[in-house]
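Printed here is coords-v7.cif (mmCIF, N, CA and C atoms):
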data_query
#
loop_
_atom_site.group_PDB
_atom_site.id
_atom_site.type_symbol
_atom_site.label_atom_id
_atom_site.label_comp_id
_atom_site.auth_asym_id
_atom_site.auth_seq_id
_atom_site.Cartn_x
_atom_site.Cartn_y
_atom_site.Cartn_z
ATOM 1 N N MET A 1199 116.123 52.923 164.257
ATOM 2 C CA MET A 1199 115.294 53.984 164.738
ATOM 3 C C MET A 1199 114.244 54.277 163.672
ATOM 4 N N ALA A 1200 113.041 54.075 164.020
ATOM 5 C CA ALA A 1200 111.935 54.266 163.089
ATOM 6 C C ALA A 1200 111.410 55.684 163.215
ATOM 7 N N THR A 1201 111.060 56.250 162.064
ATOM 8 C CA THR A 1201 110.453 57.586 162.071
ATOM 9 C C THR A 1201 109.081 57.486 161.452
ATOM 10 N N THR A 1202 108.187 58.260 161.937
ATOM 11 C CA THR A 1202 106.829 58.280 161.393
ATOM 12 C C THR A 1202 106.480 59.711 161.044
ATOM 13 N N GLY A 1203 105.602 59.889 160.121
ATOM 14 C CA GLY A 1203 105.152 61.216 159.718
ATOM 15 C C GLY A 1203 104.821 61.225 158.236
ATOM 16 N N SER A 1204 104.480 62.377 157.781
ATOM 17 C CA SER A 1204 104.138 62.498 156.369
ATOM 18 C C SER A 1204 105.033 63.541 155.721
ATOM 19 N N VAL A 1205 105.219 63.367 154.472
ATOM 20 C CA VAL A 1205 106.017 64.307 153.682
ATOM 21 C C VAL A 1205 105.066 65.003 152.717
ATOM 22 N N ASP A 1206 105.080 66.326 152.770
ATOM 23 C CA ASP A 1206 104.224 67.114 151.882
ATOM 24 C C ASP A 1206 105.113 67.728 150.797
ATOM 25 N N VAL A 1207 104.906 67.292 149.588
ATOM 26 C CA VAL A 1207 105.668 67.821 148.459
ATOM 27 C C VAL A 1207 104.731 68.722 147.661
ATOM 28 N N ASN A 1208 104.999 69.992 147.702
ATOM 29 C CA ASN A 1208 104.166 70.963 147.009
ATOM 30 C C ASN A 1208 104.894 71.413 145.744
ATOM 31 N N LEU A 1209 104.365 71.029 144.589
ATOM 32 C CA LEU A 1209 104.994 71.357 143.309
ATOM 33 C C LEU A 1209 104.300 72.522 142.606
ATOM 34 N N THR A 1210 103.432 73.211 143.316
ATOM 35 C CA THR A 1210 102.684 74.305 142.697
ATOM 36 C C THR A 1210 103.612 75.405 142.193
ATOM 37 N N SER A 1211 104.603 75.761 142.994
ATOM 38 C CA SER A 1211 105.505 76.845 142.574
ATOM 39 C C SER A 1211 106.297 76.447 141.335
ATOM 40 N N TYR A 1212 106.698 75.164 141.239
ATOM 41 C CA TYR A 1212 107.421 74.708 140.051
ATOM 42 C C TYR A 1212 106.495 74.702 138.828
ATOM 43 N N GLY A 1213 105.271 74.291 139.037
ATOM 44 C CA GLY A 1213 104.304 74.321 137.932
ATOM 45 C C GLY A 1213 104.038 75.732 137.447
ATOM 46 N N ASN A 1214 103.954 76.684 138.388
ATOM 47 C CA ASN A 1214 103.763 78.081 138.006
ATOM 48 C C ASN A 1214 104.953 78.608 137.219
ATOM 49 N N MET A 1215 106.163 78.212 137.623
ATOM 50 C CA MET A 1215 107.357 78.651 136.886
ATOM 51 C C MET A 1215 107.347 78.108 135.457
ATOM 52 N N VAL A 1216 106.958 76.859 135.297
ATOM 53 C CA VAL A 1216 106.900 76.263 133.954
ATOM 54 C C VAL A 1216 105.843 76.967 133.112
ATOM 55 N N ASN A 1217 104.679 77.250 133.702
ATOM 56 C CA ASN A 1217 103.633 77.961 132.966
ATOM 57 C C ASN A 1217 104.085 79.362 132.573
ATOM 58 N N ASN A 1218 104.749 80.058 133.490
ATOM 59 C CA ASN A 1218 105.230 81.394 133.173
ATOM 60 C C ASN A 1218 106.288 81.360 132.080
ATOM 61 N N ALA A 1219 107.148 80.355 132.118
ATOM 62 C CA ALA A 1219 108.176 80.232 131.083
ATOM 63 C C ALA A 1219 107.543 79.971 129.724
ATOM 64 N N SER A 1220 106.528 79.129 129.681
ATOM 65 C CA SER A 1220 105.876 78.854 128.396
ATOM 66 C C SER A 1220 105.115 80.077 127.905
ATOM 67 N N ASN A 1221 104.501 80.837 128.823
ATOM 68 C CA ASN A 1221 103.828 82.079 128.422
ATOM 69 C C ASN A 1221 104.832 83.091 127.890
ATOM 70 N N LEU A 1222 105.980 83.191 128.525
ATOM 71 C CA LEU A 1222 107.025 84.097 128.066
ATOM 72 C C LEU A 1222 107.519 83.690 126.685
ATOM 73 N N GLY A 1223 107.710 82.399 126.485
ATOM 74 C CA GLY A 1223 108.134 81.909 125.170
ATOM 75 C C GLY A 1223 107.115 82.235 124.097
ATOM 76 N N ALA A 1224 105.834 82.091 124.413
ATOM 77 C CA ALA A 1224 104.782 82.408 123.444
ATOM 78 C C ALA A 1224 104.776 83.897 123.118
ATOM 79 N N GLU A 1225 104.985 84.744 124.119
ATOM 80 C CA GLU A 1225 105.022 86.190 123.884
ATOM 81 C C GLU A 1225 106.223 86.580 123.024
ATOM 82 N N VAL A 1226 107.363 85.965 123.292
ATOM 83 C CA VAL A 1226 108.567 86.285 122.522
ATOM 84 C C VAL A 1226 108.402 85.865 121.068
ATOM 85 N N THR A 1227 107.915 84.649 120.836
ATOM 86 C CA THR A 1227 107.743 84.203 119.442
ATOM 87 C C THR A 1227 106.666 85.015 118.740
ATOM 88 N N GLY A 1228 105.627 85.433 119.476
ATOM 89 C CA GLY A 1228 104.613 86.296 118.880
ATOM 90 C C GLY A 1228 105.180 87.640 118.491
ATOM 91 N N GLY A 1229 106.045 88.197 119.334
ATOM 92 C CA GLY A 1229 106.700 89.464 119.016
ATOM 93 C C GLY A 1229 107.604 89.347 117.807
ATOM 94 N N ILE A 1230 108.317 88.232 117.706
ATOM 95 C CA ILE A 1230 109.179 88.013 116.543
ATOM 96 C C ILE A 1230 108.337 87.913 115.278
ATOM 97 N N ALA A 1231 107.210 87.240 115.349
ATOM 98 C CA ALA A 1231 106.324 87.120 114.187
ATOM 99 C C ALA A 1231 105.778 88.487 113.787
ATOM 100 N N ASP A 1232 105.426 89.310 114.770
ATOM 101 C CA ASP A 1232 104.938 90.659 114.458
ATOM 102 C C ASP A 1232 106.019 91.489 113.778
ATOM 103 N N GLN A 1233 107.246 91.390 114.251
ATOM 104 C CA GLN A 1233 108.343 92.129 113.629
ATOM 105 C C GLN A 1233 108.568 91.655 112.196
ATOM 106 N N GLY A 1234 108.450 90.346 111.976
ATOM 107 C CA GLY A 1234 108.589 89.819 110.614
ATOM 108 C C GLY A 1234 107.522 90.372 109.700
ATOM 109 N N ALA A 1235 106.311 90.499 110.206
ATOM 110 C CA ALA A 1235 105.233 91.055 109.389
ATOM 111 C C ALA A 1235 105.505 92.517 109.061
ATOM 112 N N LEU A 1236 106.031 93.260 110.026
ATOM 113 C CA LEU A 1236 106.347 94.668 109.771
ATOM 114 C C LEU A 1236 107.478 94.818 108.760
ATOM 115 N N ILE A 1237 108.470 93.952 108.844
ATOM 116 C CA ILE A 1237 109.572 94.004 107.888
ATOM 117 C C ILE A 1237 109.065 93.662 106.491
ATOM 118 N N GLY A 1238 108.189 92.659 106.400
ATOM 119 C CA GLY A 1238 107.593 92.317 105.103
ATOM 120 C C GLY A 1238 106.764 93.454 104.543
ATOM 121 N N LEU A 1239 106.018 94.131 105.411
ATOM 122 C CA LEU A 1239 105.240 95.290 104.975
ATOM 123 C C LEU A 1239 106.153 96.388 104.455
ATOM 124 N N ALA A 1240 107.257 96.630 105.145
ATOM 125 C CA ALA A 1240 108.197 97.663 104.705
ATOM 126 C C ALA A 1240 108.784 97.321 103.340
ATOM 127 N N PHE A 1241 109.184 96.074 103.136
ATOM 128 C CA PHE A 1241 109.715 95.667 101.834
ATOM 129 C C PHE A 1241 108.661 95.818 100.746
ATOM 130 N N GLY A 1242 107.446 95.418 101.047
ATOM 131 C CA GLY A 1242 106.369 95.550 100.065
ATOM 132 C C GLY A 1242 106.108 96.992 99.686
ATOM 133 N N LEU A 1243 106.117 97.882 100.687
ATOM 134 C CA LEU A 1243 105.911 99.303 100.391
ATOM 135 C C LEU A 1243 107.051 99.874 99.561
ATOM 136 N N VAL A 1244 108.273 99.492 99.851
ATOM 137 C CA VAL A 1244 109.416 99.978 99.072
ATOM 138 C C VAL A 1244 109.307 99.514 97.624
ATOM 139 N N ILE A 1245 108.949 98.264 97.425
ATOM 140 C CA ILE A 1245 108.816 97.740 96.063
ATOM 141 C C ILE A 1245 107.671 98.432 95.335
ATOM 142 N N ALA A 1246 106.540 98.620 96.018
ATOM 143 C CA ALA A 1246 105.394 99.263 95.383
ATOM 144 C C ALA A 1246 105.695 100.712 95.028
ATOM 145 N N LEU A 1247 106.326 101.447 95.940
ATOM 146 C CA LEU A 1247 106.663 102.843 95.645
ATOM 147 C C LEU A 1247 107.704 102.933 94.536
ATOM 148 N N GLY A 1248 108.657 102.034 94.531
ATOM 149 C CA GLY A 1248 109.643 102.010 93.446
ATOM 150 C C GLY A 1248 108.986 101.749 92.107
ATOM 151 N N ALA A 1249 108.060 100.807 92.064
ATOM 152 C CA ALA A 1249 107.342 100.515 90.819
ATOM 153 C C ALA A 1249 106.507 101.712 90.382
ATOM 154 N N LEU A 1250 105.898 102.397 91.335
ATOM 155 C CA LEU A 1250 105.107 103.586 91.006
ATOM 156 C C LEU A 1250 105.986 104.672 90.388
ATOM 157 N N PHE A 1251 107.136 104.928 90.974
ATOM 158 C CA PHE A 1251 108.038 105.930 90.417
ATOM 159 C C PHE A 1251 108.530 105.544 89.024
ATOM 160 N N VAL A 1252 108.788 104.258 88.814
ATOM 161 C CA VAL A 1252 109.222 103.796 87.492
ATOM 162 C C VAL A 1252 108.122 104.023 86.466
ATOM 163 N N VAL A 1253 106.892 103.712 86.824
ATOM 164 C CA VAL A 1253 105.773 103.906 85.898
ATOM 165 C C VAL A 1253 105.598 105.387 85.582
ATOM 166 N N VAL A 1254 105.662 106.235 86.596
ATOM 167 C CA VAL A 1254 105.530 107.679 86.373
ATOM 168 C C VAL A 1254 106.658 108.174 85.474
ATOM 169 N N TYR A 1255 107.880 107.714 85.721
ATOM 170 C CA TYR A 1255 109.013 108.122 84.884
ATOM 171 C C TYR A 1255 108.815 107.666 83.434
ATOM 172 N N LEU A 1256 108.373 106.433 83.223
ATOM 173 C CA LEU A 1256 108.191 105.934 81.859
ATOM 174 C C LEU A 1256 107.099 106.708 81.122
ATOM 175 N N VAL A 1257 106.002 107.016 81.814
ATOM 176 C CA VAL A 1257 104.932 107.798 81.185
ATOM 177 C C VAL A 1257 105.438 109.192 80.842
ATOM 178 N N PHE A 1258 106.161 109.819 81.759
ATOM 179 C CA PHE A 1258 106.715 111.154 81.508
ATOM 180 C C PHE A 1258 107.708 111.117 80.348
ATOM 181 N N ASP A 1259 108.530 110.074 80.298
ATOM 182 C CA ASP A 1259 109.509 109.935 79.221
ATOM 183 C C ASP A 1259 108.815 109.784 77.871
ATOM 184 N N LYS A 1260 107.764 108.981 77.810
ATOM 185 C CA LYS A 1260 107.013 108.819 76.554
ATOM 186 C C LYS A 1260 106.359 110.132 76.151
ATOM 187 N N PHE A 1261 105.806 110.853 77.125
ATOM 188 C CA PHE A 1261 105.173 112.139 76.839
ATOM 189 C C PHE A 1261 106.195 113.126 76.268
ATOM 190 N N MET A 1262 107.387 113.163 76.853
ATOM 191 C CA MET A 1262 108.424 114.067 76.352
ATOM 192 C C MET A 1262 108.875 113.657 74.958
ATOM 193 N N GLY A 1263 108.921 112.355 74.684
ATOM 194 C CA GLY A 1263 109.277 111.887 73.335
ATOM 195 C C GLY A 1263 108.251 112.323 72.308
ATOM 196 N N VAL A 1264 106.977 112.207 72.646
ATOM 197 C CA VAL A 1264 105.915 112.639 71.733
ATOM 198 C C VAL A 1264 105.969 114.153 71.544
ATOM 199 N N ALA A 1265 106.244 114.894 72.614
ATOM 200 C CA ALA A 1265 106.328 116.350 72.520
ATOM 201 C C ALA A 1265 107.498 116.772 71.632
ATOM 202 N N ASN A 1266 108.619 116.086 71.743
ATOM 203 C CA ASN A 1266 109.778 116.412 70.896
ATOM 204 C C ASN A 1266 109.490 116.108 69.431
ATOM 205 N N LYS A 1267 108.800 115.015 69.161
ATOM 206 C CA LYS A 1267 108.441 114.696 67.774
ATOM 207 C C LYS A 1267 107.474 115.715 67.224
ATOM 208 N N ALA A 1268 106.554 116.179 68.075
ATOM 209 C CA ALA A 1268 105.603 117.192 67.639
ATOM 210 C C ALA A 1268 106.313 118.506 67.308
ATOM 211 N N LYS A 1269 107.343 118.863 68.041
ATOM 212 C CA LYS A 1269 108.113 120.079 67.773
ATOM 213 C C LYS A 1269 108.831 119.961 66.430
ATOM 214 N N LYS A 1270 109.347 118.752 66.131
ATOM 215 C CA LYS A 1270 110.065 118.548 64.876
ATOM 216 C C LYS A 1270 109.126 118.624 63.670
ATOM 217 N N ILE A 1271 107.883 118.214 63.851
ATOM 218 C CA ILE A 1271 106.916 118.247 62.753
ATOM 219 C C ILE A 1271 106.580 119.698 62.385
ATOM 220 N N LYS A 1272 106.494 120.568 63.365
ATOM 221 C CA LYS A 1272 106.183 121.975 63.084
ATOM 222 C C LYS A 1272 107.243 122.539 62.258
#
Turn the structure described in the file into structure tokens.
Amino acid sequence: MATTGSVDVNLTSYGNMVNNASNLGAEVTGGIADQGALIGLAFGLVIALGALFVVVYLVFDKFMGVANKAKKIK
């Protein structure tokens, strides 16, 4: 028994799914990269503020040492 006709294979919906999946993957990896940048910024700020407090403490400590020596000289 012979059959005649045409078969229409429409792959547009599958192509759209693949494109959407790749777009989703790009958005997710971009979000992860942004979070990494924010975490790096937070670490940098903590280190910078810690260094600032250390410098202020050392300057204050030296000033108090000089003031104590000046009191002893009087």
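The space between atom N of Gly1213 in chain A and atom N of Glu1225 in chain A spans 18.2 Å.
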Name the residues of chain A that fall into helix (DSSP H, G or I) according to DSSP on the backbone, using the chain letters and numbers of this document, as a PyMOL selection string.
-> chain A and resi 1210-1271
Between CA of Ala1240 in chain A and CA of Gly1228 in chain A lies a distance of 18.5 Å
With 4 Å added on each side, what axis-aligned box encloses every listed atom of range 1243-1261 of chain A? Give the centre and edge lengths in Å to one decimal, as lines of an AutoDock Vina configuration file.
center_x = 107.3
center_y = 105.4
center_z = 88.4
size_x = 12.7
size_y = 23.4
size_z = 32.5
When you draw a straight line from atom N of Ala1249 in chain A to CA of Ala1265 in chain A, how long is it in Å?
-> 25.0 Å
